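> Compact mmCIF, C-alpha atoms, file run24.txt:
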# COMPACT_ATOMS: atom_id res chain seq x y z
CA MET Q 310 14.17 17.46 15.45
CA ALA Q 311 11.84 16.30 18.24
CA PHE Q 312 11.65 18.26 21.51
CA ARG Q 313 9.14 16.01 23.24
CA LYS Q 314 11.03 16.05 26.55
CA THR Q 315 11.69 19.79 26.63
CA ILE Q 316 8.72 21.57 25.04
CA LEU Q 317 5.04 21.34 25.97
CA TYR Q 318 2.16 22.66 23.87
CA LEU Q 319 -1.05 23.18 25.87
CA PHE Q 320 -4.36 23.71 24.07
CA ASP Q 321 -7.68 25.15 25.09
CA VAL Q 322 -10.45 23.02 23.50
CA ASP Q 323 -13.52 25.17 22.70
CA GLY Q 324 -12.77 27.60 19.85
CA THR Q 325 -9.13 26.45 19.68
CA LEU Q 326 -9.17 22.77 18.71
CA THR Q 327 -12.91 22.54 18.00
CA LYS Q 328 -15.78 24.84 17.17
CA PRO Q 329 -17.60 25.61 20.46
CA ARG Q 330 -19.03 22.36 21.92
CA GLN Q 331 -18.45 20.58 18.59
CA VAL Q 332 -16.30 17.51 17.89
CA ILE Q 333 -12.77 17.93 16.54
CA THR Q 334 -12.47 17.30 12.79
CA GLU Q 335 -10.85 14.02 11.73
CA GLU Q 336 -8.24 15.92 9.72
CA PHE Q 337 -7.17 18.17 12.64
CA LYS Q 338 -7.10 15.22 15.06
CA ILE Q 339 -4.72 13.30 12.74
CA PHE Q 340 -2.60 16.44 12.30
CA LEU Q 341 -2.20 16.86 16.10
CA LEU Q 342 -1.37 13.22 16.80
CA GLU Q 343 0.79 12.47 13.75
CA LYS Q 344 2.47 15.82 13.00
CA VAL Q 345 2.56 17.77 16.30
CA LYS Q 346 2.91 15.05 18.95
CA PRO Q 347 6.11 13.51 17.48
CA ASN Q 348 7.80 16.92 17.93
CA VAL Q 349 6.53 18.21 21.29
CA SER Q 350 4.59 17.02 24.35
CA ILE Q 351 0.90 17.93 24.05
CA GLY Q 352 -1.82 18.62 26.60
CA LEU Q 353 -5.42 19.81 26.84
CA VAL Q 354 -6.59 22.41 29.36
CA SER Q 355 -10.30 23.17 29.47
CA GLY Q 356 -12.91 24.53 31.86
CA SER Q 357 -15.13 21.59 30.91
CA ASP Q 358 -15.37 18.31 32.78
CA TYR Q 359 -13.74 15.08 31.58
CA SER Q 360 -16.78 13.64 29.81
CA LYS Q 361 -17.28 16.80 27.73
CA ILE Q 362 -13.61 16.89 26.69
CA VAL Q 363 -13.70 13.20 25.71
CA GLU Q 364 -16.83 13.86 23.66
CA GLN Q 365 -15.31 16.87 21.87
CA MET Q 366 -12.03 15.08 21.15
CA SER Q 367 -13.95 12.16 19.61
CA GLY Q 368 -13.39 9.55 22.33
CA GLU Q 369 -11.07 8.36 25.10
CA HIS Q 370 -8.83 6.62 22.57
CA VAL Q 371 -7.95 10.17 21.40
CA THR Q 372 -7.68 11.98 24.76
CA ASN Q 373 -5.48 9.15 26.08
CA GLN Q 374 -2.92 9.97 23.39
CA PHE Q 375 -2.40 13.46 24.84
CA ASP Q 376 0.38 13.58 27.42
CA TYR Q 377 -1.79 15.65 29.78
CA VAL Q 378 -5.54 16.23 30.09
CA PHE Q 379 -6.43 19.07 32.45
CA CYS Q 380 -10.20 19.35 33.04
CA GLU Q 381 -11.93 22.14 34.93
CA ASN Q 382 -8.82 24.31 34.46
CA GLY Q 383 -6.48 21.57 35.70
CA VAL Q 384 -8.15 21.10 39.06
CA MET Q 385 -9.06 17.66 37.67
CA HIS Q 386 -5.86 16.16 36.24
CA TYR Q 387 -6.05 13.02 34.08
CA GLN Q 388 -3.37 10.92 32.41
CA GLN Q 389 -4.30 7.93 30.22
CA GLY Q 390 -7.88 8.19 31.47
CA VAL Q 391 -6.84 7.92 35.15
CA LEU Q 392 -7.68 10.76 37.58
CA LYS Q 393 -4.37 11.87 39.12
CA SER Q 394 -5.55 14.73 41.35
CA THR Q 395 -8.69 16.66 42.20
CA GLN Q 396 -10.07 19.47 44.37
CA SER Q 397 -13.56 20.47 45.51
CA ILE Q 398 -15.08 23.96 45.34
CA LEU Q 399 -17.61 22.89 47.99
CA GLN Q 400 -14.91 21.99 50.51
CA TYR Q 401 -12.97 25.14 49.64
CA ILE Q 402 -15.70 27.79 50.05
CA GLY Q 403 -18.41 25.95 52.01
CA GLU Q 404 -22.12 25.35 51.48
CA GLU Q 405 -23.28 28.74 52.78
CA THR Q 406 -21.27 30.86 50.33
CA LEU Q 407 -21.95 28.43 47.51
CA GLN Q 408 -25.72 28.71 48.04
CA LYS Q 409 -25.57 32.51 48.25
CA VAL Q 410 -23.87 32.60 44.83
CA ILE Q 411 -26.32 30.10 43.31
CA ASN Q 412 -29.38 31.84 44.77
CA TYR Q 413 -28.23 35.28 43.61
CA SER Q 414 -27.41 33.92 40.14
CA LEU Q 415 -30.81 32.23 39.71
CA GLY Q 416 -32.51 35.46 40.76
CA TYR Q 417 -30.41 37.52 38.34
CA MET Q 418 -30.92 35.14 35.40
CA SER Q 419 -34.68 34.94 36.07
CA LYS Q 420 -35.00 38.65 35.21
CA LEU Q 421 -33.15 38.42 31.85
CA GLN Q 422 -35.22 38.58 28.66
CA LEU Q 423 -33.31 36.62 25.99
CA PRO Q 424 -34.05 35.27 22.50
CA ALA Q 425 -34.56 31.83 24.13
CA LYS Q 426 -34.39 30.20 27.56
CA ARG Q 427 -34.20 26.47 28.13
CA GLY Q 428 -32.97 24.40 31.11
CA ASN Q 429 -29.87 23.64 33.20
CA PHE Q 430 -28.94 27.22 34.17
CA VAL Q 431 -26.60 26.13 36.98
CA GLU Q 432 -24.17 23.24 36.55
CA PHE Q 433 -22.23 22.17 39.62
CA ARG Q 434 -18.78 20.75 38.80
CA SER Q 435 -16.00 19.56 41.11
CA SER Q 436 -13.99 22.75 40.89
CA MET Q 437 -16.47 25.38 39.71
CA ILE Q 438 -20.06 26.42 39.16
CA ASN Q 439 -21.07 27.02 35.54
CA LEU Q 440 -23.85 29.60 35.13
CA CYS Q 441 -25.68 29.70 31.81
CA PRO Q 442 -28.30 32.40 31.10
CA VAL Q 443 -29.72 30.60 28.03
CA GLY Q 444 -29.59 27.17 29.73
CA ARG Q 445 -27.13 24.41 28.79
CA SER Q 446 -29.89 22.23 27.31
CA CYS Q 447 -30.35 24.69 24.42
CA THR Q 448 -29.96 23.45 20.84
CA GLN Q 449 -26.91 24.33 18.73
CA ALA Q 450 -29.00 26.94 16.84
CA GLU Q 451 -30.19 28.48 20.13
CA ARG Q 452 -26.60 28.48 21.44
CA GLU Q 453 -25.40 30.37 18.37
CA GLU Q 454 -28.35 32.77 18.56
CA PHE Q 455 -27.54 33.56 22.20
CA SER Q 456 -23.85 34.00 21.36
CA ARG Q 457 -24.72 36.61 18.71
CA TYR Q 458 -27.11 38.34 21.12
CA ASP Q 459 -24.45 38.30 23.86
CA ILE Q 460 -21.80 39.87 21.61
CA GLU Q 461 -24.18 42.76 20.98
CA HIS Q 462 -25.79 43.13 24.42
CA LYS Q 463 -22.92 41.97 26.69
CA VAL Q 464 -25.29 39.81 28.77
CA ARG Q 465 -22.52 37.72 30.33
CA ALA Q 466 -20.10 40.63 30.87
CA LYS Q 467 -22.80 42.51 32.79
CA PHE Q 468 -23.59 39.33 34.77
CA VAL Q 469 -19.89 39.03 35.72
CA GLU Q 470 -19.82 42.67 36.85
CA ALA Q 471 -22.96 42.14 38.96
CA LEU Q 472 -21.46 39.03 40.60
CA GLN Q 473 -18.22 40.91 41.34
CA ARG Q 474 -20.19 43.73 43.00
CA GLU Q 475 -22.36 41.32 44.99
CA PHE Q 476 -19.47 39.11 46.23
CA PRO Q 477 -16.43 41.42 46.50
CA ASN Q 478 -14.61 39.55 49.29
CA SER Q 479 -15.62 35.98 48.49
CA LYS Q 480 -12.20 34.84 47.11
CA LEU Q 481 -14.12 33.77 44.01
CA THR Q 482 -13.35 34.62 40.39
CA PHE Q 483 -16.14 35.17 37.86
CA ALA Q 484 -15.11 34.71 34.21
CA LEU Q 485 -16.68 34.24 30.80
CA GLY Q 486 -16.71 30.50 30.09
CA GLY Q 487 -16.83 29.19 26.54
CA GLN Q 488 -19.55 30.62 24.31
CA ILE Q 489 -22.66 30.82 26.51
CA SER Q 490 -21.78 30.72 30.20
CA VAL Q 491 -20.01 32.23 33.21
CA ASP Q 492 -17.56 30.19 35.30
CA VAL Q 493 -17.34 30.72 39.06
CA PHE Q 494 -14.26 29.29 40.81
CA PRO Q 495 -11.90 30.02 43.72
CA THR Q 496 -9.41 32.75 42.81
CA GLY Q 497 -6.26 31.07 41.50
CA TRP Q 498 -8.19 28.09 40.11
CA ASP Q 499 -8.00 29.53 36.60
CA LYS Q 500 -6.09 27.70 33.85
CA THR Q 501 -2.72 28.60 35.42
CA TYR Q 502 -3.66 25.98 38.06
CA CYS Q 503 -2.63 23.24 35.61
CA LEU Q 504 0.97 24.51 35.44
CA GLN Q 505 1.75 23.16 38.92
CA HIS Q 506 1.15 19.62 37.58
CA VAL Q 507 3.97 19.98 35.04
CA ALA Q 508 6.42 22.00 37.19
CA ASP Q 509 8.51 18.89 38.00
CA GLU Q 510 8.87 18.00 34.30
CA ASN Q 511 11.26 20.95 33.83
CA PHE Q 512 10.07 21.88 30.34
CA ASP Q 513 12.27 24.53 28.68
CA GLU Q 514 9.20 26.02 27.04
CA ILE Q 515 5.45 25.76 27.68
CA HIS Q 516 3.31 27.16 24.86
CA PHE Q 517 -0.40 27.85 25.33
CA PHE Q 518 -2.93 28.20 22.50
CA GLY Q 519 -6.32 29.77 23.30
CA ASP Q 520 -9.02 32.07 21.97
CA LYS Q 521 -10.52 33.75 25.08
CA THR Q 522 -7.35 35.66 26.01
CA THR Q 523 -8.76 39.12 26.78
CA PRO Q 524 -9.47 40.20 30.40
CA GLY Q 525 -12.52 38.31 31.69
CA GLY Q 526 -11.93 35.40 29.28
CA ASN Q 527 -10.98 32.04 30.77
CA ASP Q 528 -7.69 31.85 28.79
CA HIS Q 529 -6.51 35.29 29.93
CA GLU Q 530 -4.43 34.30 32.98
CA ILE Q 531 -2.53 31.39 31.45
CA TYR Q 532 -1.99 33.28 28.18
CA ASN Q 533 -0.31 36.11 30.11
CA ASP Q 534 1.49 33.96 32.69
CA PRO Q 535 5.31 34.40 32.64
CA ARG Q 536 5.70 30.59 32.64
CA THR Q 537 4.02 30.27 29.24
CA ILE Q 538 4.46 31.54 25.70
CA GLY Q 539 0.95 32.60 24.69
CA HIS Q 540 -0.57 32.18 21.24
CA LYS Q 541 -3.94 33.87 20.60
CA VAL Q 542 -6.02 31.99 18.04
CA ALA Q 543 -9.29 32.81 16.30
CA SER Q 544 -10.46 29.31 15.30
CA PRO Q 545 -9.30 25.68 14.93
CA GLU Q 546 -8.11 26.54 11.40
CA ASP Q 547 -6.03 29.40 12.79
CA THR Q 548 -4.57 27.09 15.47
CA GLN Q 549 -3.51 24.61 12.80
CA GLY Q 550 -1.95 27.40 10.73
CA GLN Q 551 0.03 28.70 13.72
CA LEU Q 552 1.20 25.17 14.60
CA LYS Q 553 2.49 24.69 11.05
CA GLN Q 554 4.47 27.91 11.42
CA CYS Q 555 5.80 27.16 14.92
CA LEU Q 556 6.95 23.66 14.03
CA SER Q 557 7.79 24.28 10.36
CA ILE Q 558 5.30 21.62 9.25
CA HIS Q 559 4.55 21.72 5.53
What is this structure when it is put down as structure tokens?

Amino acid sequence: MAFRKTILYLFDVDGTLTKPRQVITEEFKIFLLEKVKPNVSIGLVSGSDYSKIVEQMSGEHVTNQFDYVFCENGVMHYQQGVLKSTQSILQYIGEETLQKVINYSLGYMSKLQLPAKRGNFVEFRSSMINLCPVGRSCTQAEREEFSRYDIEHKVRAKFVEALQREFPNSKLTFALGGQISVDVFPTGWDKTYCLQHVADENFDEIHFFGDKTTPGGNDHEIYNDPRTIGHKVASPEDTQGQLKQCLSIH
């Protein structure tokens, strides 16, 4: 029995549908579009920008088949490749505050001794700033090395705490983003932001699948929101297993 009009399944991308910053497997992509989509409406909600989501989902011909694509936590809302709505962090908090955060962050990151440091430590997006201690231009091996180091030494968690102390009344939220970075965005512009875009659809149930659901993770707010039914996953394989259970797919 299909519930496409009444039930929505929203998916985080990194660590939920794909390995971090990797492309979705062909088998899982077919499973989502041919087994899940006929039963329920499906959407993506990621902290990444549109081009990164398209890349990870293996092309626009794939992302266009999702009913909703919410980039940068839903602040950038796409349907069928068309931008439906957007917001700007610059307009919201102003150049002065933005520069204070960037300057402090560059100073903080400059003092960190890590296994490797590369380039692109600050990435400015429409709705957020992405801060990356290892540098976003690191290789996949360097990314994984930093991730292991971070799990042990809590580099990003300490960075978040320092930012919270430095900017206590800034109306900004500092959260762990993906595997190697920290996201900075206006408070309330977390992944729950995307739910306003589907409020008029009157879904009976909205399910959310994500891996970073603990406090400080960028799936935490939407996972715990009363408007959603949260599913914590450990990997793309786990997501697929839970979907089979939820939808009785054999």
> Counting only C-alpha atoms, select every polymer residue within 12 Å of (-20.3, 23.3, 37.3) as defined in the file's coordinates, and provide the selection as a compact mmCIF listing (two decimals) with C-alpha atoms, in the frame of the given file.

# COMPACT_ATOMS: atom_id res chain seq x y z
CA GLY Q 356 -12.91 24.53 31.86
CA SER Q 357 -15.13 21.59 30.91
CA ASP Q 358 -15.37 18.31 32.78
CA TYR Q 359 -13.74 15.08 31.58
CA LYS Q 361 -17.28 16.80 27.73
CA CYS Q 380 -10.20 19.35 33.04
CA GLU Q 381 -11.93 22.14 34.93
CA ASN Q 382 -8.82 24.31 34.46
CA SER Q 397 -13.56 20.47 45.51
CA ILE Q 398 -15.08 23.96 45.34
CA LEU Q 399 -17.61 22.89 47.99
CA LEU Q 407 -21.95 28.43 47.51
CA ILE Q 411 -26.32 30.10 43.31
CA ASN Q 429 -29.87 23.64 33.20
CA PHE Q 430 -28.94 27.22 34.17
CA VAL Q 431 -26.60 26.13 36.98
CA GLU Q 432 -24.17 23.24 36.55
CA PHE Q 433 -22.23 22.17 39.62
CA ARG Q 434 -18.78 20.75 38.80
CA SER Q 435 -16.00 19.56 41.11
CA SER Q 436 -13.99 22.75 40.89
CA MET Q 437 -16.47 25.38 39.71
CA ILE Q 438 -20.06 26.42 39.16
CA ASN Q 439 -21.07 27.02 35.54
CA LEU Q 440 -23.85 29.60 35.13
CA CYS Q 441 -25.68 29.70 31.81
CA ARG Q 445 -27.13 24.41 28.79
CA GLY Q 486 -16.71 30.50 30.09
CA SER Q 490 -21.78 30.72 30.20
CA VAL Q 491 -20.01 32.23 33.21
CA ASP Q 492 -17.56 30.19 35.30
CA VAL Q 493 -17.34 30.72 39.06
CA PHE Q 494 -14.26 29.29 40.81
> Rounded to one decimal place, report the atom CA of Pro535 of chain Q-atom CA of Leu485 of chain Q distance in Å.
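Atom CA of Leu485 of chain Q lies at a distance of 22.1 Å from atom CA of Pro535 of chain Q.
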> Quick one: contact table of segment 524-546 of chain Q to segment 450-467 of chain Q, 12 Å max, nearest atom pair and distance in Å to one decimal per residue, counting only C-alpha atoms, chain and number order, as CSV?

residue,atom,partner,partner_atom,distance
Q:Pro524,CA,Q:Ala466,CA,10.6
Q:Gly525,CA,Q:Ala466,CA,8.0
Q:Gly526,CA,Q:Ala466,CA,9.8
> Within 8 Å of segment 341-351 of chain Q, counting only C-alpha atoms, which residues show up once you throw out same-chain ones fewer than 3 positions away? Write them as an MDAnalysis selection string, please.
chainID Q and resid 310:320 337:338 374:377 552 556 558
> Give as a ChimeraX atom specification each residue that has an atom at most 7 Å from (-8.0, 28.3, 23.3) in the file, counting only C-alpha atoms.
/Q:320-325,518-521,528,542
> Identify which of the residues Q:Pro545, Q:Gly550, Q:Gly416, Q:Pro442 lies closest to Val332 of chain Q, counting all atoms listed in the file when measuring atom-to-atom distances.
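Closest to Val332 of chain Q of all the choices is Q:Pro545.
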> Which of these residues is nearest to Cys503 of chain Q, using all atoms listed in the file: Q:Thr522, Q:Gln549, Q:Gln488, Q:Ser355?
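Among Q:Thr522, Q:Gln549, Q:Gln488, Q:Ser355, it is Q:Ser355 that comes nearest to Cys503 of chain Q.
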> Give me the box for segment 355-358 of chain Q as AutoDock Vina command-line options, namely the centre and edge lengths in Å to one decimal of a box along x, y and z that holds every listed atom plus 3 Å on each side.

--center_x -12.8 --center_y 21.4 --center_z 31.1 --size_x 11.1 --size_y 12.2 --size_z 9.3
> Taking into account only C-alpha atoms, which residue in the set Q:Ser367, Q:Ser479, Q:Ser446, Q:Asn373 is nearest to Glu405 of chain Q?
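Once distances to Glu405 of chain Q are computed over only C-alpha atoms, the minimum belongs to Q:Ser479.
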> So how far away is atom CA of His529 of chain Q from atom CA of Gln408 of chain Q, in Å?
27.2 Å
> Rank Q:Ser394, Q:Val410, Q:Leu481, Q:Ile333 by their smallest atom-to-atom distance to Gly368 of chain Q, using all atoms listed in the file, and report the top residue only.
Q:Ile333
> Quick one: pull the distance between atom CA of Glu336 of chain Q and atom CA of Gly539 of chain Q, Å, one decimal.
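These atoms are spaced 24.2 Å apart.
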> Taking the partial coordinates given, rebuild segment 313-346 of chain Q to contain N, CA and C atoms; return it as a PDB file, in the frame of the given file.

ATOM      1  N   ARG Q 313      10.239  16.493  22.413  1.00  0.00           N
ATOM      2  CA  ARG Q 313       9.140  16.010  23.240  1.00  0.00           C
ATOM      3  C   ARG Q 313       9.425  16.131  24.734  1.00  0.00           C
ATOM      4  N   LYS Q 314      10.675  16.000  25.115  1.00  0.00           N
ATOM      5  CA  LYS Q 314      11.030  16.050  26.550  1.00  0.00           C
ATOM      6  C   LYS Q 314      11.142  17.484  27.064  1.00  0.00           C
ATOM      7  N   THR Q 315      11.359  18.437  26.163  1.00  0.00           N
ATOM      8  CA  THR Q 315      11.690  19.790  26.630  1.00  0.00           C
ATOM      9  C   THR Q 315      10.658  20.858  26.311  1.00  0.00           C
ATOM     10  N   ILE Q 316       9.726  20.559  25.410  1.00  0.00           N
ATOM     11  CA  ILE Q 316       8.720  21.570  25.040  1.00  0.00           C
ATOM     12  C   ILE Q 316       7.319  20.981  25.166  1.00  0.00           C
ATOM     13  N   LEU Q 317       6.430  21.747  25.798  1.00  0.00           N
ATOM     14  CA  LEU Q 317       5.040  21.340  25.970  1.00  0.00           C
ATOM     15  C   LEU Q 317       4.129  22.340  25.269  1.00  0.00           C
ATOM     16  N   TYR Q 318       3.201  21.828  24.480  1.00  0.00           N
ATOM     17  CA  TYR Q 318       2.160  22.660  23.870  1.00  0.00           C
ATOM     18  C   TYR Q 318       0.831  22.336  24.562  1.00  0.00           C
ATOM     19  N   LEU Q 319       0.248  23.333  25.211  1.00  0.00           N
ATOM     20  CA  LEU Q 319      -1.050  23.180  25.870  1.00  0.00           C
ATOM     21  C   LEU Q 319      -2.139  23.857  25.037  1.00  0.00           C
ATOM     22  N   PHE Q 320      -3.284  23.185  24.912  1.00  0.00           N
ATOM     23  CA  PHE Q 320      -4.360  23.710  24.070  1.00  0.00           C
ATOM     24  C   PHE Q 320      -5.667  23.845  24.851  1.00  0.00           C
ATOM     25  N   ASP Q 321      -6.277  25.014  24.751  1.00  0.00           N
ATOM     26  CA  ASP Q 321      -7.680  25.150  25.090  1.00  0.00           C
ATOM     27  C   ASP Q 321      -8.448  24.270  24.083  1.00  0.00           C
ATOM     28  N   VAL Q 322      -9.665  23.887  24.411  1.00  0.00           N
ATOM     29  CA  VAL Q 322     -10.450  23.020  23.500  1.00  0.00           C
ATOM     30  C   VAL Q 322     -11.456  23.835  22.692  1.00  0.00           C
ATOM     31  N   ASP Q 323     -12.460  24.406  23.375  1.00  0.00           N
ATOM     32  CA  ASP Q 323     -13.520  25.170  22.700  1.00  0.00           C
ATOM     33  C   ASP Q 323     -12.983  26.378  21.949  1.00  0.00           C
ATOM     34  N   GLY Q 324     -13.197  26.440  20.636  1.00  0.00           N
ATOM     35  CA  GLY Q 324     -12.770  27.600  19.850  1.00  0.00           C
ATOM     36  C   GLY Q 324     -11.315  27.548  19.448  1.00  0.00           C
ATOM     37  N   THR Q 325     -10.563  26.571  19.979  1.00  0.00           N
ATOM     38  CA  THR Q 325      -9.130  26.450  19.680  1.00  0.00           C
ATOM     39  C   THR Q 325      -8.848  25.178  18.895  1.00  0.00           C
ATOM     40  N   LEU Q 326      -9.314  24.045  19.418  1.00  0.00           N
ATOM     41  CA  LEU Q 326      -9.170  22.770  18.710  1.00  0.00           C
ATOM     42  C   LEU Q 326     -10.484  22.357  18.037  1.00  0.00           C
ATOM     43  N   THR Q 327     -11.592  22.872  18.562  1.00  0.00           N
ATOM     44  CA  THR Q 327     -12.910  22.540  18.000  1.00  0.00           C
ATOM     45  C   THR Q 327     -13.743  23.817  17.910  1.00  0.00           C
ATOM     46  N   LYS Q 328     -14.772  23.786  17.084  1.00  0.00           N
ATOM     47  CA  LYS Q 328     -15.780  24.840  17.170  1.00  0.00           C
ATOM     48  C   LYS Q 328     -16.475  24.648  18.512  1.00  0.00           C
ATOM     49  N   PRO Q 329     -17.022  25.733  19.116  1.00  0.00           N
ATOM     50  CA  PRO Q 329     -17.600  25.610  20.460  1.00  0.00           C
ATOM     51  C   PRO Q 329     -18.564  24.433  20.607  1.00  0.00           C
ATOM     52  N   ARG Q 330     -18.249  23.560  21.570  1.00  0.00           N
ATOM     53  CA  ARG Q 330     -19.030  22.360  21.920  1.00  0.00           C
ATOM     54  C   ARG Q 330     -19.228  21.385  20.756  1.00  0.00           C
ATOM     55  N   GLN Q 331     -18.390  21.505  19.718  1.00  0.00           N
ATOM     56  CA  GLN Q 331     -18.450  20.580  18.590  1.00  0.00           C
ATOM     57  C   GLN Q 331     -17.324  19.554  18.723  1.00  0.00           C
ATOM     58  N   VAL Q 332     -17.344  18.548  17.869  1.00  0.00           N
ATOM     59  CA  VAL Q 332     -16.300  17.510  17.890  1.00  0.00           C
ATOM     60  C   VAL Q 332     -15.168  17.926  16.956  1.00  0.00           C
ATOM     61  N   ILE Q 333     -13.949  17.620  17.351  1.00  0.00           N
ATOM     62  CA  ILE Q 333     -12.770  17.930  16.540  1.00  0.00           C
ATOM     63  C   ILE Q 333     -12.892  17.248  15.163  1.00  0.00           C
ATOM     64  N   THR Q 334     -12.414  17.916  14.119  1.00  0.00           N
ATOM     65  CA  THR Q 334     -12.470  17.300  12.790  1.00  0.00           C
ATOM     66  C   THR Q 334     -11.439  16.166  12.711  1.00  0.00           C
ATOM     67  N   GLU Q 335     -11.748  15.172  11.916  1.00  0.00           N
ATOM     68  CA  GLU Q 335     -10.850  14.020  11.730  1.00  0.00           C
ATOM     69  C   GLU Q 335      -9.474  14.485  11.244  1.00  0.00           C
ATOM     70  N   GLU Q 336      -9.492  15.439  10.322  1.00  0.00           N
ATOM     71  CA  GLU Q 336      -8.240  15.920   9.720  1.00  0.00           C
ATOM     72  C   GLU Q 336      -7.350  16.614  10.761  1.00  0.00           C
ATOM     73  N   PHE Q 337      -7.956  17.452  11.629  1.00  0.00           N
ATOM     74  CA  PHE Q 337      -7.170  18.170  12.640  1.00  0.00           C
ATOM     75  C   PHE Q 337      -6.665  17.206  13.710  1.00  0.00           C
ATOM     76  N   LYS Q 338      -7.495  16.233  14.069  1.00  0.00           N
ATOM     77  CA  LYS Q 338      -7.100  15.220  15.060  1.00  0.00           C
ATOM     78  C   LYS Q 338      -5.853  14.462  14.575  1.00  0.00           C
ATOM     79  N   ILE Q 339      -5.869  14.024  13.323  1.00  0.00           N
ATOM     80  CA  ILE Q 339      -4.720  13.300  12.740  1.00  0.00           C
ATOM     81  C   ILE Q 339      -3.492  14.204  12.714  1.00  0.00           C
ATOM     82  N   PHE Q 340      -3.702  15.475  12.347  1.00  0.00           N
ATOM     83  CA  PHE Q 340      -2.600  16.440  12.300  1.00  0.00           C
ATOM     84  C   PHE Q 340      -1.931  16.577  13.678  1.00  0.00           C
ATOM     85  N   LEU Q 341      -2.749  16.703  14.738  1.00  0.00           N
ATOM     86  CA  LEU Q 341      -2.200  16.860  16.100  1.00  0.00           C
ATOM     87  C   LEU Q 341      -1.404  15.628  16.536  1.00  0.00           C
ATOM     88  N   LEU Q 342      -1.983  14.452  16.291  1.00  0.00           N
ATOM     89  CA  LEU Q 342      -1.370  13.220  16.800  1.00  0.00           C
ATOM     90  C   LEU Q 342      -0.203  12.733  15.936  1.00  0.00           C
ATOM     91  N   GLU Q 343      -0.246  13.009  14.641  1.00  0.00           N
ATOM     92  CA  GLU Q 343       0.790  12.470  13.750  1.00  0.00           C
ATOM     93  C   GLU Q 343       1.849  13.491  13.351  1.00  0.00           C
ATOM     94  N   LYS Q 344       1.502  14.795  13.409  1.00  0.00           N
ATOM     95  CA  LYS Q 344       2.470  15.820  13.000  1.00  0.00           C
ATOM     96  C   LYS Q 344       3.029  16.615  14.194  1.00  0.00           C
ATOM     97  N   VAL Q 345       2.132  16.934  15.165  1.00  0.00           N
ATOM     98  CA  VAL Q 345       2.560  17.770  16.300  1.00  0.00           C
ATOM     99  C   VAL Q 345       3.166  16.923  17.412  1.00  0.00           C
ATOM    100  N   LYS Q 346       2.468  15.858  17.809  1.00  0.00           N
ATOM    101  CA  LYS Q 346       2.910  15.050  18.950  1.00  0.00           C
ATOM    102  C   LYS Q 346       4.317  14.446  18.786  1.00  0.00           C
TER     103      LYS Q 346
END
